[in-house]
There are 2 protein chains.
Amino acid sequence: MPRPTKRNPERGDARTRLLEAARDAIREKGFAATSVDELCLVAGVTKGSFFHHFKSKEALGVAAAQHWAETTAAFFAAAPYHAAEEPLERVLAYVAFRKSIITGELAEVTCLVGTMVQEVFATSPAIRDACGESIFGHAATLEADIGAAMQDRGISGDWTAESLARHTQTVIQGAFVLAKAGNDPALARESLDHLDRYIRLLFGCSNQEKRSR
Amino acid sequence: MPRPTKRNPERGDARTRLLEAARDAIREKGFAATSVDELCLVAGVTKGSFFHHFKSKEALGVAAAQHWAETTAAFFAAAPYHAAEEPLERVLAYVAFRKSIITGELAEVTCLVGTMVQEVFATSPAIRDACGESIFGHAATLEADIGAAMQDRGISGDWTAESLARHTQTVIQGAFVLAKAGNDPALARESLDHLDRYIRLLFGCSNQEKRSR
DNA sequence: AACCAACCATACCGTACAGTCGGTATGCAA
DNA sequence: TTGCATACCGACTGTACGGTATGGTTGGTT
């Protein structure tokens, strides 16, 4: 074990390491079952340091949700699905991308804020709101492409781009729940196929228009 | 407070009262944050009684999931959505029914096993499997109608009745997550509208075929 | 050199936790 | 009546929890 905590830290400062430890632990077993002591141990930090950076465990939860929002925003902004020419292509590429990253251990696949908000929505408004901002903020990044696709294809149903953007997140969050319940990530991918099919139907794509694989 | 626990109990035996207390508490704040002491207090029962009926807190979790599966199965079996003549009508009526019961407090609307499995899927296989049985068992009750509707309408896409049945549960579970994140049950109803639309599109319903309201 | 604030460490506190244990009360059957 | 199983009670245990108090260390500023 390398000297854990000193100035000029070898792998991020204490705060960041705590946030990363929290991210992993909470995804694995939830917020309530994650103890401060354990986070300190994993992050190689002492209690004093923890409560220097976060005034309470709840504050850590809020910070973890915000950190999640920031890191995932950067991750998706850099993802390749924005490359396509047509806006609808980009939307479908997003769904395909979400599907493609569902591999490996379930805990490493699922959404931190979706997991956390299920437990704390009634007991911690602060964490709940931070989780909400993460989810709806991400949904908002899809709105432009969906709206452009609607205009592009002359679609005007009794639904909005905002609503469909949120629905994609519904399917993704629900997909994680079923994957956990069945202990099989394939269950999540299956629902993303339905989401892909729904979007194509909404936009009047014929079936054979679907790309290979 | 009526004499809580005696033989010839006035409102169910201790075990049932504990299961109901667990159902409410876990939906409100999750499994880990729910203490045995609190459940005993709410159920009007002592610790000794609790551990007489459940050998551990985890065993209570399993029993709570099973109890949930039984009570919800009875609830949906008695629901009016089975009445319609055509199988597709019944499927759509199911979705409409699920939407119609999303009213009031969020904690009273959401799914016990969906909430629980998010926290414990990695730490308690027993609870996870019990939650899985509840969810997938419920999904299975939709398969017959979906299958009949497919045959009825001569549908054969690259999806199965089983898969679509599961997808309905994905949307419902995800809908609860977004409703919690946004602290607004309307968000859940919104996604059920998308699910309704998806099913209609799959089965080639025209839009005006949609019933009023 | 002196100082400061951010940062980190250690020891500790009160409490709430899951689980245990010895015991009592009740119903039933031989 | 005895014997036994089920149901229930409540005090107790050890521990792990979130949080605090206090003091030391470090890098930058003046």
# chains A, B, ... in the order shown; residues from 1 in each chain; ligands from 1

$ interface_residues --of "chain A" --to "chain C" --cutoff "7 Å" --atoms "only C-alpha atoms (C1' of nucleotides)" --output "list in words"
Thr46, Gly48 and Ser49 of chain A

$ write_last_selection --atoms "all heavy atoms" --output "compact mmCIF listing (two decimals), in the first residue's frame"
# COMPACT_ATOMS: atom_id res chain seq x y z
N THR A 46 -8.31 9.49 6.73
CA THR A 46 -8.87 9.32 8.06
C THR A 46 -10.19 10.07 8.22
O THR A 46 -10.55 10.89 7.38
CB THR A 46 -7.89 9.82 9.13
OG1 THR A 46 -7.64 11.19 8.88
CG2 THR A 46 -6.62 9.01 9.11
N GLY A 48 -10.99 12.39 10.23
CA GLY A 48 -10.82 13.84 10.33
C GLY A 48 -10.83 14.48 8.96
O GLY A 48 -11.45 15.53 8.74
N SER A 49 -10.15 13.82 8.02
CA SER A 49 -10.10 14.33 6.67
C SER A 49 -11.48 14.30 6.01
O SER A 49 -11.88 15.24 5.33
CB SER A 49 -9.10 13.51 5.86
OG SER A 49 -8.91 14.09 4.60

$ closest_atom_pairs --of "chain B" --to "chain A" --cutoff "7 Å" --atoms "only C-alpha atoms" --output "Markdown table"
| residue | atom | partner | partner_atom | distance |
| --- | --- | --- | --- | --- |
| B:Glu28 | CA | A:Ala122 | CA | 6.3 |
| B:Lys29 | CA | A:Glu119 | CA | 5.2 |
| B:Gly30 | CA | A:Glu119 | CA | 4.9 |
| B:Ala32 | CA | A:Ala33 | CA | 5.7 |
| B:Ala33 | CA | A:Ala32 | CA | 5.7 |
| B:Gly114 | CA | A:Val177 | CA | 6.4 |
| B:Thr115 | CA | A:Gln118 | CA | 6.0 |
| B:Val117 | CA | A:Ala181 | CA | 6.0 |
| B:Gln118 | CA | A:Thr115 | CA | 6.0 |
| B:Glu119 | CA | A:Gly30 | CA | 4.9 |
| B:Val120 | CA | A:Lys29 | CA | 6.0 |
| B:Phe121 | CA | A:Lys180 | CA | 5.9 |
| B:Ala122 | CA | A:Glu28 | CA | 6.3 |
| B:Thr123 | CA | A:Lys29 | CA | 6.6 |
| B:Arg128 | CA | A:Ala181 | CA | 5.9 |
| B:Asp129 | CA | A:Ala181 | CA | 6.7 |
| B:Cys131 | CA | A:Ala181 | CA | 6.2 |
| B:Gly132 | CA | A:Ala181 | CA | 4.4 |
| B:His167 | CA | A:Ser191 | CA | 5.5 |
| B:Thr170 | CA | A:Gly174 | CA | 4.3 |
| B:Val171 | CA | A:Val171 | CA | 5.3 |
| B:Gln173 | CA | A:Gly174 | CA | 4.8 |
| B:Gly174 | CA | A:Gly174 | CA | 3.5 |
| B:Ala175 | CA | A:Thr170 | CA | 5.4 |
| B:Val177 | CA | A:Gln118 | CA | 6.3 |
| B:Leu178 | CA | A:Thr170 | CA | 6.3 |
| B:Lys180 | CA | A:Phe121 | CA | 5.9 |
| B:Ala181 | CA | A:Gly132 | CA | 4.4 |
| B:Gly182 | CA | A:Gly132 | CA | 5.5 |
| B:Ser191 | CA | A:His167 | CA | 5.5 |
| B:Tyr198 | CA | A:Tyr198 | CA | 5.6 |
| B:Leu201 | CA | A:Leu201 | CA | 6.7 |

$ interface_residues --of "chain D" --to "chain B" --cutoff "9 Å" --atoms "only C-alpha atoms (C1' of nucleotides)" --output "PyMOL selection string"
chain D and resi 7-10

$ residues_around --residues "segment 72-85 of chain B" --least-positions-apart "5" --cutoff "6 Å" --atoms "only C-alpha atoms (C1' of nucleotides)" --output "list in words"
Arg90, Ala93 and Tyr94 of chain B

$ write_last_selection --atoms "C-alpha atoms" --output "PDB file, in the first residue's frame"
ATOM      1  CA  ARG B  90     -56.454  -6.134 -22.169  1.00  0.00           C
ATOM      2  CA  ALA B  93     -55.996  -1.704 -20.258  1.00  0.00           C
ATOM      3  CA  TYR B  94     -53.235  -3.046 -18.031  1.00  0.00           C
TER       4      TYR B  94
END

$ atom_distance --atom1 "atom C1' of DG19 of chain D" --atom2 "atom CA of Arg17 of chain A"
20.5 Å

$ select_by_dssp --residues "segment 33-187 of chain B" --states "alpha helix (DSSP H)" --output "NGL selection string"
:B and (36-43 or 47-53 or 57-77 or 87-100 or 112-120 or 125-153 or 161-182 or 186-187)
